[in-house]
$ cat my_file_26.txt   # compact mmCIF, C-alpha atoms and all ligand atoms
# COMPACT_ATOMS: atom_id res chain seq x y z
CA MET K 141 215.57 54.66 17.28
CA SER K 142 212.99 55.91 14.80
CA VAL K 143 213.45 59.40 13.30
CA PRO K 144 210.49 61.76 13.86
CA PRO K 145 208.74 62.78 10.62
CA ILE K 146 209.58 66.11 9.00
CA ARG K 147 206.62 68.41 9.72
CA ILE K 148 205.37 70.31 6.68
CA ALA K 149 203.05 73.30 6.58
CA LEU K 150 201.42 74.15 3.24
CA VAL K 151 200.86 77.69 1.92
CA GLY K 152 198.40 77.79 -1.01
CA CYS K 153 195.61 75.23 -1.27
CA GLY K 154 194.79 75.48 -4.99
CA ARG K 155 195.18 73.12 -7.95
CA ILE K 156 198.73 71.84 -7.40
CA ALA K 157 198.32 71.57 -3.61
CA GLY K 158 196.70 68.13 -4.06
CA ASN K 159 199.92 66.73 -5.58
CA HIS K 160 201.85 67.96 -2.54
CA VAL K 161 199.35 66.58 -0.04
CA SER K 162 199.29 63.15 -1.66
CA ALA K 163 203.11 63.00 -1.98
CA ILE K 164 203.56 64.03 1.68
CA LYS K 165 200.99 61.45 2.81
CA LYS K 166 202.59 58.62 0.84
CA LEU K 167 206.01 59.15 2.42
CA PRO K 168 206.56 58.10 6.05
CA GLU K 169 209.41 60.63 6.31
CA PHE K 170 206.84 63.47 6.40
CA SER K 171 203.71 64.62 8.13
CA LEU K 172 201.47 67.47 6.99
CA VAL K 173 200.78 69.54 10.09
CA ALA K 174 198.91 72.67 8.89
CA CYS K 175 197.76 74.50 5.79
CA CYS K 176 196.76 78.01 4.83
CA ASP K 177 195.18 79.87 1.95
CA SER K 178 193.95 83.44 1.71
CA VAL K 179 190.63 81.92 0.57
CA ALA K 180 189.26 80.36 3.76
CA ASP K 181 187.16 77.69 1.98
CA ARG K 182 190.23 76.28 0.23
CA ALA K 183 192.27 76.09 3.44
CA ARG K 184 189.29 74.59 5.27
CA ALA K 185 188.77 71.92 2.57
CA ILE K 186 192.32 70.55 2.96
CA GLY K 187 192.42 71.17 6.71
CA GLU K 188 189.22 69.21 7.34
CA ALA K 189 190.06 66.43 4.87
CA GLU K 190 193.48 65.91 6.48
CA GLY K 191 192.44 66.59 10.08
CA ILE K 192 194.97 69.42 10.48
CA PRO K 193 194.61 73.05 11.61
CA TRP K 194 193.99 75.50 8.77
CA PHE K 195 194.63 79.25 8.54
CA THR K 196 194.16 82.22 6.25
CA SER K 197 197.55 83.75 7.10
CA GLU K 198 201.00 82.19 6.78
CA GLU K 199 202.37 84.26 9.68
CA ARG K 200 199.64 83.03 12.05
CA MET K 201 200.11 79.45 10.93
CA LEU K 202 203.85 79.61 11.60
CA ALA K 203 203.31 81.30 14.96
CA GLU K 204 200.83 78.66 16.12
CA VAL K 205 201.99 75.36 14.61
CA PRO K 206 205.55 74.04 14.98
CA CYS K 207 206.91 72.76 11.68
CA ASP K 208 210.23 72.03 9.97
CA ALA K 209 209.49 73.04 6.37
CA VAL K 210 206.98 75.12 4.45
CA THR K 211 205.68 74.20 1.00
CA ILE K 212 204.85 77.24 -1.12
CA ALA K 213 202.11 76.60 -3.73
CA THR K 214 200.77 80.13 -4.20
CA PRO K 215 200.76 82.19 -7.44
CA SER K 216 204.30 82.34 -8.85
CA GLY K 217 204.84 86.08 -8.25
CA LEU K 218 204.17 85.55 -4.53
CA HIS K 219 206.67 82.69 -4.03
CA PRO K 220 209.54 84.92 -2.83
CA LYS K 221 207.33 86.74 -0.31
CA HIS K 222 205.96 83.51 1.18
CA GLY K 223 209.34 81.77 1.04
CA ILE K 224 211.06 84.66 2.83
CA ILE K 225 208.44 84.62 5.61
CA ALA K 226 209.13 80.90 6.10
CA ALA K 227 212.92 81.30 5.96
CA LYS K 228 212.87 84.15 8.49
CA ALA K 229 210.89 81.87 10.79
CA GLY K 230 213.72 79.32 10.45
CA ARG K 231 211.84 76.83 8.27
CA HIS K 232 213.16 75.05 5.18
CA VAL K 233 211.40 76.21 2.01
CA ILE K 234 209.95 73.88 -0.64
CA CYS K 235 208.91 76.21 -3.45
CA GLU K 236 206.79 75.42 -6.49
CA LYS K 237 208.18 76.38 -9.87
CA PRO K 238 208.99 78.99 -11.01
CA MET K 239 210.71 80.09 -7.79
CA ALA K 240 210.01 83.73 -8.73
CA ILE K 241 209.25 85.71 -11.85
CA THR K 242 212.06 88.27 -11.49
CA LEU K 243 215.73 87.60 -10.83
CA SER K 244 215.94 90.21 -8.08
CA SER K 245 213.14 88.56 -6.09
CA ALA K 246 214.65 85.11 -6.74
CA ASP K 247 217.93 86.42 -5.32
CA ASP K 248 216.11 87.86 -2.28
CA LEU K 249 214.67 84.40 -1.61
CA VAL K 250 218.04 82.66 -2.00
CA THR K 251 219.67 85.22 0.31
CA ALA K 252 216.94 84.91 2.94
CA CYS K 253 217.35 81.12 2.99
CA ASP K 254 221.17 81.39 3.14
CA ASP K 255 220.96 83.95 5.97
CA ALA K 256 218.57 81.78 7.94
CA GLY K 257 220.64 78.62 7.32
CA VAL K 258 217.69 76.77 5.82
CA HIS K 259 217.42 74.78 2.60
CA LEU K 260 215.60 76.12 -0.43
CA PHE K 261 214.12 73.44 -2.72
CA VAL K 262 212.59 74.41 -6.07
CA VAL K 263 210.15 71.78 -7.36
CA LYS K 264 211.33 70.52 -10.76
CA GLN K 265 209.73 67.11 -10.65
CA ASN K 266 210.07 66.39 -14.40
CA ARG K 267 213.83 66.01 -13.95
CA LEU K 268 213.01 62.90 -11.94
CA ASN K 269 210.95 61.11 -14.60
CA PRO K 270 212.71 57.75 -15.15
CA SER K 271 213.09 58.48 -18.88
CA ILE K 272 214.65 61.89 -18.19
CA GLN K 273 217.01 60.40 -15.61
CA LEU K 274 218.17 57.88 -18.24
CA LEU K 275 218.71 60.68 -20.74
CA LYS K 276 220.66 62.74 -18.21
CA ARG K 277 222.91 59.74 -17.50
CA ALA K 278 223.51 59.29 -21.24
CA VAL K 279 224.53 62.97 -21.54
CA ASP K 280 226.77 62.79 -18.47
CA LYS K 281 228.48 59.63 -19.72
CA GLY K 282 229.25 61.40 -23.00
CA ARG K 283 227.28 58.83 -25.03
CA PHE K 284 226.13 61.41 -27.61
CA GLY K 285 229.68 62.42 -28.49
CA ARG K 286 229.34 66.01 -29.60
CA ILE K 287 225.77 67.28 -29.19
CA TYR K 288 224.59 69.10 -32.32
CA MET K 289 220.93 69.91 -31.77
CA ALA K 290 218.42 69.95 -28.92
CA ASN K 291 214.71 70.65 -29.00
CA ALA K 292 211.93 71.03 -26.46
CA THR K 293 208.36 70.99 -27.73
CA VAL K 294 205.32 71.75 -25.59
CA ARG K 295 202.10 71.45 -27.59
CA TRP K 296 199.51 71.65 -24.90
CA SER K 297 195.98 72.93 -24.59
CA ARG K 298 194.79 75.43 -22.00
CA PRO K 299 191.29 76.77 -22.72
CA GLN K 300 190.21 80.27 -21.74
CA GLU K 301 188.39 78.77 -18.71
CA TYR K 302 191.74 77.63 -17.30
CA TYR K 303 193.03 81.22 -17.33
CA ASP K 304 189.73 82.53 -16.00
CA GLN K 305 189.90 80.22 -12.94
CA ALA K 306 192.17 82.66 -11.12
CA PRO K 307 192.88 86.33 -11.73
CA TRP K 308 196.67 85.91 -11.42
CA ARG K 309 196.95 83.54 -14.40
CA GLY K 310 198.59 85.00 -17.50
CA THR K 311 199.37 88.35 -15.80
CA TRP K 312 202.85 89.86 -15.92
CA GLU K 313 202.71 90.76 -12.24
CA PHE K 314 202.04 87.29 -10.82
CA ASP K 315 202.51 84.67 -13.54
CA GLY K 316 203.91 85.27 -17.04
CA GLY K 317 202.86 83.18 -20.00
CA ALA K 318 203.46 79.79 -21.56
CA PHE K 319 207.25 79.94 -21.13
CA MET K 320 207.18 81.09 -17.48
CA ASN K 321 204.37 78.86 -16.30
CA GLN K 322 203.31 75.78 -18.29
CA ALA K 323 206.55 75.18 -20.22
CA SER K 324 209.00 76.24 -17.53
CA HIS K 325 209.90 72.59 -16.83
CA TYR K 326 210.94 72.19 -20.47
CA VAL K 327 213.08 75.33 -20.45
CA ASP K 328 214.66 73.90 -17.31
CA LEU K 329 215.26 70.47 -18.85
CA ILE K 330 216.93 71.73 -22.04
CA GLN K 331 219.32 74.00 -20.15
CA TRP K 332 220.03 71.32 -17.52
CA LEU K 333 220.74 68.65 -20.14
CA VAL K 334 222.61 70.63 -22.82
CA GLY K 335 223.48 73.99 -21.19
CA PRO K 336 224.92 76.39 -20.36
CA VAL K 337 223.10 78.56 -22.88
CA GLU K 338 225.18 81.33 -24.45
CA SER K 339 222.42 83.34 -26.12
CA VAL K 340 218.77 83.27 -27.10
CA MET K 341 216.51 84.74 -29.77
CA ALA K 342 212.75 84.48 -29.37
CA ARG K 343 209.34 85.43 -30.62
CA THR K 344 206.22 85.20 -28.52
CA ALA K 345 202.57 85.91 -29.26
CA THR K 346 199.20 86.06 -27.57
CA LEU K 347 197.28 84.50 -30.42
CA ALA K 348 194.01 83.41 -28.89
CA ARG K 349 193.73 83.62 -25.10
CA LYS K 350 192.63 86.78 -23.34
CA ILE K 351 195.71 87.14 -21.14
CA GLU K 352 198.51 89.71 -20.82
CA ALA K 353 201.38 87.30 -21.40
CA GLU K 354 202.03 84.89 -24.29
CA ASP K 355 200.06 81.75 -25.12
CA SER K 356 202.63 80.67 -27.75
CA GLY K 357 206.29 81.23 -28.55
CA ILE K 358 209.47 80.00 -30.16
CA ALA K 359 213.03 80.36 -28.89
CA ILE K 360 216.31 79.65 -30.68
CA LEU K 361 219.19 78.81 -28.36
CA LYS K 362 222.92 78.84 -28.89
CA PHE K 363 224.64 76.67 -26.31
CA ARG K 364 228.11 77.45 -25.06
CA SER K 365 229.24 74.08 -26.52
CA GLY K 366 228.32 75.34 -30.00
CA ALA K 367 225.16 73.20 -30.20
CA LEU K 368 221.92 74.80 -31.39
CA GLY K 369 218.51 74.40 -29.82
CA THR K 370 214.88 75.34 -30.26
CA ILE K 371 211.96 75.53 -27.85
CA GLU K 372 208.46 75.53 -29.33
CA VAL K 373 205.61 76.22 -26.95
CA THR K 374 201.88 76.67 -27.37
CA MET K 375 198.84 76.34 -25.15
CA LEU K 376 196.51 76.38 -28.17
CA THR K 377 196.73 72.80 -29.42
CA TYR K 378 193.36 71.53 -30.63
CA PRO K 379 191.62 69.74 -28.98
CA ARG K 380 193.90 68.50 -26.19
CA ASN K 381 197.54 68.12 -25.05
CA LEU K 382 199.50 66.55 -27.89
CA GLU K 383 203.16 66.56 -26.94
CA GLY K 384 205.66 67.48 -24.24
CA SER K 385 209.04 66.33 -25.52
CA ILE K 386 212.81 66.73 -25.46
CA THR K 387 215.01 65.60 -28.35
CA ILE K 388 218.81 65.50 -28.38
CA LEU K 389 220.78 64.73 -31.54
CA GLY K 390 224.51 64.10 -31.31
CA GLU K 391 227.44 62.62 -33.17
CA LYS K 392 226.88 59.12 -31.79
CA GLY K 393 223.34 59.15 -30.44
CA SER K 394 219.77 60.38 -30.94
CA VAL K 395 217.08 60.37 -28.25
CA LYS K 396 213.53 61.65 -28.11
CA ILE K 397 211.66 61.55 -24.82
CA GLY K 398 208.05 62.34 -25.62
CA GLY K 399 204.50 61.52 -24.68
CA THR K 400 202.46 64.46 -23.42
CA ALA K 401 204.87 65.20 -20.54
CA VAL K 402 208.35 63.73 -21.23
CA ASN K 403 207.07 60.40 -19.98
CA LYS K 404 207.84 58.04 -22.90
CA VAL K 405 211.09 56.99 -24.53
CA GLU K 406 210.08 57.44 -28.19
CA HIS K 407 213.51 57.07 -29.76
CA TRP K 408 216.76 55.79 -28.26
CA ALA K 409 219.73 55.06 -30.51
CA PHE K 410 223.43 55.06 -29.62
CA ALA K 411 226.48 53.86 -31.49
CA ASP K 412 227.89 52.17 -28.39
CA TYR K 413 226.08 49.75 -26.08
CA ASP K 414 225.51 50.61 -22.41
CA ASP K 415 223.61 48.62 -19.78
CA ASP K 416 221.20 51.58 -19.48
CA ASP K 417 219.83 50.58 -22.91
CA LYS K 418 218.06 47.67 -21.18
CA ALA K 419 216.15 50.11 -18.95
CA ILE K 420 214.39 52.00 -21.75
CA GLU K 421 211.48 49.54 -21.88
CA THR K 422 210.61 50.18 -18.23
CA ALA K 423 211.40 53.91 -18.17
CA SER K 424 208.16 54.99 -19.86
CA THR K 425 205.31 55.91 -17.51
CA SER K 426 201.65 56.82 -17.91
CA PRO K 427 201.01 59.67 -15.47
CA PRO K 428 197.40 60.78 -14.84
CA ASN K 429 198.15 64.34 -16.02
CA VAL K 430 201.01 66.49 -17.27
CA TYR K 431 202.21 67.18 -13.72
CA GLY K 432 203.35 63.53 -13.61
CA PHE K 433 204.20 61.39 -10.61
CA GLY K 434 207.29 63.36 -9.72
CA HIS K 435 206.23 65.27 -6.60
CA GLU K 436 206.69 62.10 -4.53
CA ALA K 437 210.17 61.49 -5.96
CA TYR K 438 210.96 65.14 -5.35
CA TYR K 439 209.96 64.91 -1.68
CA LYS K 440 212.17 61.82 -1.22
CA ASN K 441 215.17 64.00 -2.07
CA VAL K 442 213.88 66.75 0.27
CA ALA K 443 213.79 64.20 3.13
CA GLN K 444 217.30 62.94 2.39
CA VAL K 445 218.69 66.47 2.27
CA ILE K 446 217.04 67.51 5.55
CA GLN K 447 218.33 64.28 7.12
CA GLY K 448 221.80 65.26 5.90
CA VAL K 449 222.41 62.31 3.57
CA SER K 450 221.97 63.91 0.16
CA ARG K 451 222.29 67.14 -1.79
CA PRO K 452 219.25 68.99 -3.18
CA ASP K 453 218.12 67.87 -6.66
CA THR K 454 217.25 71.49 -7.45
CA ASP K 455 218.13 74.22 -4.98
CA GLY K 456 217.54 77.94 -5.36
CA ARG K 457 220.61 78.48 -7.52
CA ALA K 458 219.55 75.70 -9.89
CA GLY K 459 216.02 77.11 -10.03
CA ARG K 460 217.42 80.54 -10.87
CA LYS K 461 219.18 79.28 -14.02
CA SER K 462 215.99 78.38 -15.86
CA LEU K 463 214.34 81.61 -14.63
CA GLU K 464 217.20 83.60 -16.17
CA LEU K 465 216.75 81.80 -19.50
CA ILE K 466 213.00 82.46 -19.50
CA LEU K 467 213.63 86.14 -18.78
CA GLY K 468 216.17 86.15 -21.63
CA ILE K 469 213.48 84.70 -23.92
CA TYR K 470 211.12 87.50 -22.85
CA GLU K 471 213.76 90.18 -23.37
CA SER K 472 214.54 88.93 -26.88
CA ALA K 473 210.84 88.73 -27.76
CA LYS K 474 210.40 92.31 -26.56
CA THR K 475 213.47 93.86 -28.19
CA GLY K 476 213.76 91.68 -31.30
CA ARG K 477 217.46 91.17 -30.43
CA GLU K 478 219.66 88.21 -29.58
CA VAL K 479 220.13 88.22 -25.81
CA PRO K 480 223.30 86.90 -24.13
CA ILE K 481 223.01 84.69 -21.05
CA PRO K 482 223.78 85.50 -18.22
CA LEU K 483 221.59 88.57 -18.63
CA LYS K 484 223.47 91.88 -18.54
CA VAL K 485 220.68 93.79 -16.85
CA GLN K 486 219.38 91.82 -13.89
CA GLN K 487 215.59 92.00 -13.87
N1 LIG E 1 205.28 71.56 -10.52
C1 LIG E 1 204.29 71.62 -11.38
O1 LIG E 1 204.22 70.85 -12.33
C2 LIG E 1 203.22 72.64 -11.20
C3 LIG E 1 201.96 72.41 -11.75
C4 LIG E 1 200.96 73.37 -11.54
C5 LIG E 1 201.25 74.54 -10.86
N2 LIG E 1 202.50 74.75 -10.39
C6 LIG E 1 202.83 76.01 -9.70
O2 LIG E 1 202.15 76.05 -8.46
C7 LIG E 1 201.75 77.38 -8.16
C8 LIG E 1 200.24 77.40 -7.88
O3 LIG E 1 199.54 76.97 -9.04
P1 LIG E 1 198.04 76.45 -8.96
O4 LIG E 1 197.72 75.97 -10.32
O5 LIG E 1 197.89 75.52 -7.81
O6 LIG E 1 197.28 77.84 -8.68
P2 LIG E 1 195.90 78.08 -7.88
O7 LIG E 1 195.44 79.44 -8.22
O8 LIG E 1 194.99 76.93 -8.15
O9 LIG E 1 196.37 78.00 -6.36
C9 LIG E 1 197.07 79.05 -5.72
C10 LIG E 1 196.45 79.22 -4.33
O10 LIG E 1 197.19 80.19 -3.59
C11 LIG E 1 196.24 80.94 -2.82
N3 LIG E 1 196.82 82.21 -2.39
C12 LIG E 1 196.93 83.38 -3.10
N4 LIG E 1 197.50 84.32 -2.33
C13 LIG E 1 197.74 83.77 -1.13
C14 LIG E 1 198.31 84.26 0.09
N5 LIG E 1 198.76 85.51 0.17
N6 LIG E 1 198.40 83.42 1.14
C15 LIG E 1 197.95 82.15 1.05
N7 LIG E 1 197.41 81.63 -0.08
C16 LIG E 1 197.31 82.43 -1.15
C17 LIG E 1 195.06 81.09 -3.74
O11 LIG E 1 193.87 81.43 -3.03
C18 LIG E 1 194.98 79.70 -4.39
O12 LIG E 1 194.15 78.81 -3.68
C19 LIG E 1 202.16 78.24 -9.35
O13 LIG E 1 203.37 78.88 -9.07
C20 LIG E 1 202.36 77.24 -10.47
O14 LIG E 1 203.34 77.62 -11.43
C21 LIG E 1 203.49 73.82 -10.53
$ encode --input "my_file_26.txt" --output "structure tokens" --more "lines below"
Ligand SMILES: NC(=O)c1ccc[n+]([C@@H]2O[C@H](COP(=O)([O-])OP(=O)(O)OC[C@H]3O[C@@H](n4cnc5c(N)ncnc54)[C@H](O)[C@@H]3O)[C@@H](O)[C@H]2O)c1
Amino acid sequence: MSVPPIRIALVGCGRIAGNHVSAIKKLPEFSLVACCDSVADRARAIGEAEGIPWFTSEERMLAEVPCDAVTIATPSGLHPKHGIIAAKAGRHVICEKPMAITLSSADDLVTACDDAGVHLFVVKQNRLNPSIQLLKRAVDKGRFGRIYMANATVRWSRPQEYYDQAPWRGTWEFDGGAFMNQASHYVDLIQWLVGPVESVMARTATLARKIEAEDSGIAILKFRSGALGTIEVTMLTYPRNLEGSITILGEKGSVKIGGTAVNKVEHWAFADYDDDDKAIETASTSPPNVYGFGHEAYYKNVAQVIQGVSRPDTDGRAGRKSLELILGIYESAKTGREVPIPLKVQQ
């Protein structure tokens, strides 16, 4: 007996929506059944292209079209509101990163999903890059021995026109800056691979773009294991994206996953052989942009979880961890002090 596809409704038909639509269409486990955007032309464009009903209100869409899950691809500060509407309507929530830009609203979203008995998935597709999966396995197998140092570097380029495309970009109310938006995957990766983080010190700056939040910043991490880490982020690289990398240096191993979006194994050296070493040649990919190929891989996990055969790759609690670190970075940049994680004052 064939299983009926999982019906997805999409909220937010902007730039990243295309990655969701193409991932959903590629996977037979899903069907896209409706979309909505507060800007009618955007909803209409996807609705007409996909032959599905389109709306300008999430509530109306959910009232009129039966669905199993709702994908949230609206401005970051609105994710909790849209996710809570979906959860209260009994739908699973697939939420773009970051899940929220305050911890209290992230907690409200987690609670709403728990209360409704629905899953909350936070899209962290970079974790699923083949090179990152190999690195995670190496960490989990203890191949580094003691980890001494970890670094994430995001040297990307976002011109003023990118920020001017939408009024929410770079604002404190709906977005945040380079750490909260563009580099949030890298903050997530470093804490997922080497964390938990014990404390953070940071400096941020708005050096060139006309936005409220930062276009550049540096964070120094102390991990609970004793290892040290740095995160260097800028959106001002001339003339284009140069690097999106993670490096881990340990007692018995050194790895750098680089390229422009952690898509290439640039260095892989371990004292002891493991069969995974054979996979490094095939683990590098050439994605069309820094968003990578991962949305499709992410949705495969969503399907398996909803079908009851797997656990979520990143649920709301996992998504909250990197949000807390980003907010710690912001607090340190603001106060000039070292900030312990978990944060004392929940923001
Ligand atoms: N996973 C990734 O790698 C990745 C990449 C890019 C963006 N994102 C995330 O996706 C989200 C959207 O980013 P984007 O670049 O697509 O932004 P965007 O501005 O291009 O798209 C957001 C859309 O939401 C719509 N919207 C705003 N308020 C709405 C409402 N109340 N109801 C319905 N629709 C509403 C806007 O009209 C717009 O079309 C952000 O949170 C961003 O951080 C994730």
$ axis_aligned_box --input "my_file_26.txt" --around "ligand LIG 1 (chain E)" --padding-each-side "4 Å" --output "lines of an AutoDock Vina configuration file"
center_x = 199.6
center_y = 78.2
center_z = -5.6
size_x = 19.4
size_y = 22.7
size_z = 21.5
$ closest_atom_pairs --input "my_file_26.txt" --of "chain K" --to "ligand LIG 1 (chain E)" --cutoff "6 Å" --atoms "only C-alpha atoms and all ligand atoms" --output "CSV"
residue,atom,partner,partner_atom,distance
K:Val151,CA,E:LIG1,C15,5.4
K:Gly152,CA,E:LIG1,O10,3.7
K:Cys153,CA,E:LIG1,O12,4.6
K:Gly154,CA,E:LIG1,O9,3.3
K:Arg155,CA,E:LIG1,O5,3.6
K:Ile156,CA,E:LIG1,O5,3.8
K:Ala157,CA,E:LIG1,O5,5.8
K:Cys176,CA,E:LIG1,C15,5.7
K:Asp177,CA,E:LIG1,N7,3.5
K:Ser178,CA,E:LIG1,C15,4.3
K:Val179,CA,E:LIG1,O11,4.9
K:Ala213,CA,E:LIG1,C7,4.5
K:Thr214,CA,E:LIG1,O10,3.6
K:Pro215,CA,E:LIG1,O13,4.5
K:Ser216,CA,E:LIG1,O13,3.6
K:Glu236,CA,E:LIG1,O2,5.1
K:Lys237,CA,E:LIG1,O14,5.2
K:Pro238,CA,E:LIG1,O14,5.8
K:Val263,CA,E:LIG1,N1,5.8
K:Ala306,CA,E:LIG1,O7,5.4
K:Asn321,CA,E:LIG1,O14,5.1
K:Tyr431,CA,E:LIG1,O1,4.4
$ residues_around --input "my_file_26.txt" --residues "Gly456 of chain K" --least-positions-apart "3" --cutoff "12 Å" --atoms "all atoms listed in the file" --output "ChimeraX atom specification"
/K:219-220,223,232-240,243,245-254,258-264,452-453,459-463
$ residues_around --input "my_file_26.txt" --residues "His435 of chain K" --least-positions-apart "6" --cutoff "7 Å" --atoms "only C-alpha atoms" --output "ChimeraX atom specification"
/K:159-160,163,265
$ residues_around --input "my_file_26.txt" --residues "Arg380 of chain K" --least-positions-apart "3" --cutoff "12 Å" --atoms "only C-alpha atoms" --output "list in words"
Val294, Arg295, Trp296, Ser297, Arg298, Pro299, Thr374, Met375, Leu376, Thr377, Glu383, Gly384, Thr400, Asn429 and Val430 of chain K
$ closest_residue --input "my_file_26.txt" --among "K:Val161, K:Leu329, K:Ile287, K:Ala423" --to "Gly393 of chain K" --atoms "only C-alpha atoms"
K:Ile287
$ closest_residue --input "my_file_26.txt" --among "K:Met341, K:Ala437, K:Met320, K:Ile371" --to "Glu354 of chain K" --atoms "all atoms listed in the file"
K:Met320
$ closest_residue --input "my_file_26.txt" --among "K:Leu467, K:Arg184, K:Val143, K:Ser365" --to "Ser324 of chain K" --atoms "all atoms listed in the file"
K:Leu467
$ closest_atom_pairs --input "my_file_26.txt" --of "segment 357-437 of chain K" --to "segment 342-347 of chain K" --cutoff "8 Å" --atoms "only C-alpha atoms" --output "tab-separated table"
residue	atom	partner	partner_atom	distance
K:Gly357	CA	K:Thr344	CA	4.0
K:Ile358	CA	K:Arg343	CA	5.5
K:Ala359	CA	K:Ala342	CA	4.2
K:Ile360	CA	K:Ala342	CA	6.1
$ write_last_selection --input "my_file_26.txt" --atoms "C-alpha atoms" --output "PDB file, in the coordinates of the input"
ATOM      1  CA  GLY K 357     206.290  81.230 -28.550  1.00  0.00           C
ATOM      2  CA  ILE K 358     209.470  80.000 -30.160  1.00  0.00           C
ATOM      3  CA  ALA K 359     213.030  80.360 -28.890  1.00  0.00           C
ATOM      4  CA  ILE K 360     216.310  79.650 -30.680  1.00  0.00           C
TER       5      ILE K 360
END
$ residues_around --input "my_file_26.txt" --residues "Asn441 of chain K" --least-positions-apart "2" --cutoff "9 Å" --atoms "all atoms listed in the file" --output "count of residues only"
11
$ atom_distance --input "my_file_26.txt" --atom1 "atom CA of Gly369 of chain K" --atom2 "atom CA of Glu478 of chain K"
13.9 Å
$ atom_distance --input "my_file_26.txt" --atom1 "atom CA of Ser339 of chain K" --atom2 "atom CA of Asn266 of chain K"
24.0 Å
$ atom_distance --input "my_file_26.txt" --atom1 "atom CA of Trp312 of chain K" --atom2 "atom CA of Gly399 of chain K"
29.7 Å
$ closest_residue --input "my_file_26.txt" --among "K:Pro206, K:Pro482, K:Gly217, K:Gly390" --to "Ala409 of chain K" --atoms "all atoms listed in the file"
K:Gly390
$ build_atoms --input "my_file_26.txt" --residues "segment 284-299 of chain K" --atoms "N, CA and C atoms" --output "compact mmCIF listing (two decimals), keeping the file's coordinate frame"
# COMPACT_ATOMS: atom_id res chain seq x y z
N PHE K 284 226.51 60.75 -26.35
CA PHE K 284 226.13 61.41 -27.61
C PHE K 284 227.34 61.82 -28.43
N GLY K 285 228.56 61.76 -27.83
CA GLY K 285 229.68 62.42 -28.49
C GLY K 285 229.39 63.91 -28.46
N ARG K 286 229.67 64.58 -29.57
CA ARG K 286 229.34 66.01 -29.60
C ARG K 286 227.83 66.17 -29.79
N ILE K 287 227.21 67.03 -29.00
CA ILE K 287 225.77 67.28 -29.19
C ILE K 287 225.61 68.39 -30.22
N TYR K 288 224.80 68.11 -31.25
CA TYR K 288 224.59 69.10 -32.32
C TYR K 288 223.33 69.94 -32.09
N MET K 289 222.23 69.23 -31.80
CA MET K 289 220.93 69.91 -31.77
C MET K 289 220.12 69.43 -30.57
N ALA K 290 219.33 70.34 -30.01
CA ALA K 290 218.42 69.95 -28.92
C ALA K 290 217.10 70.69 -29.14
N ASN K 291 216.02 70.02 -28.81
CA ASN K 291 214.71 70.65 -29.00
C ASN K 291 213.79 70.31 -27.82
N ALA K 292 213.03 71.29 -27.40
CA ALA K 292 211.93 71.03 -26.46
C ALA K 292 210.65 71.49 -27.14
N THR K 293 209.64 70.64 -27.12
CA THR K 293 208.36 70.99 -27.73
C THR K 293 207.25 70.80 -26.71
N VAL K 294 206.45 71.84 -26.52
CA VAL K 294 205.32 71.75 -25.59
C VAL K 294 204.08 72.17 -26.36
N ARG K 295 203.33 71.17 -26.83
CA ARG K 295 202.10 71.45 -27.59
C ARG K 295 200.94 71.01 -26.70
N TRP K 296 200.56 71.94 -25.86
CA TRP K 296 199.51 71.65 -24.90
C TRP K 296 198.28 72.50 -25.19
N SER K 297 197.25 72.23 -24.40
CA SER K 297 195.98 72.93 -24.59
C SER K 297 195.52 73.50 -23.25
N ARG K 298 195.35 74.80 -23.20
CA ARG K 298 194.79 75.43 -22.00
C ARG K 298 193.66 76.35 -22.48
N PRO K 299 192.40 75.95 -22.25
CA PRO K 299 191.29 76.77 -22.72
C PRO K 299 191.18 78.07 -21.93
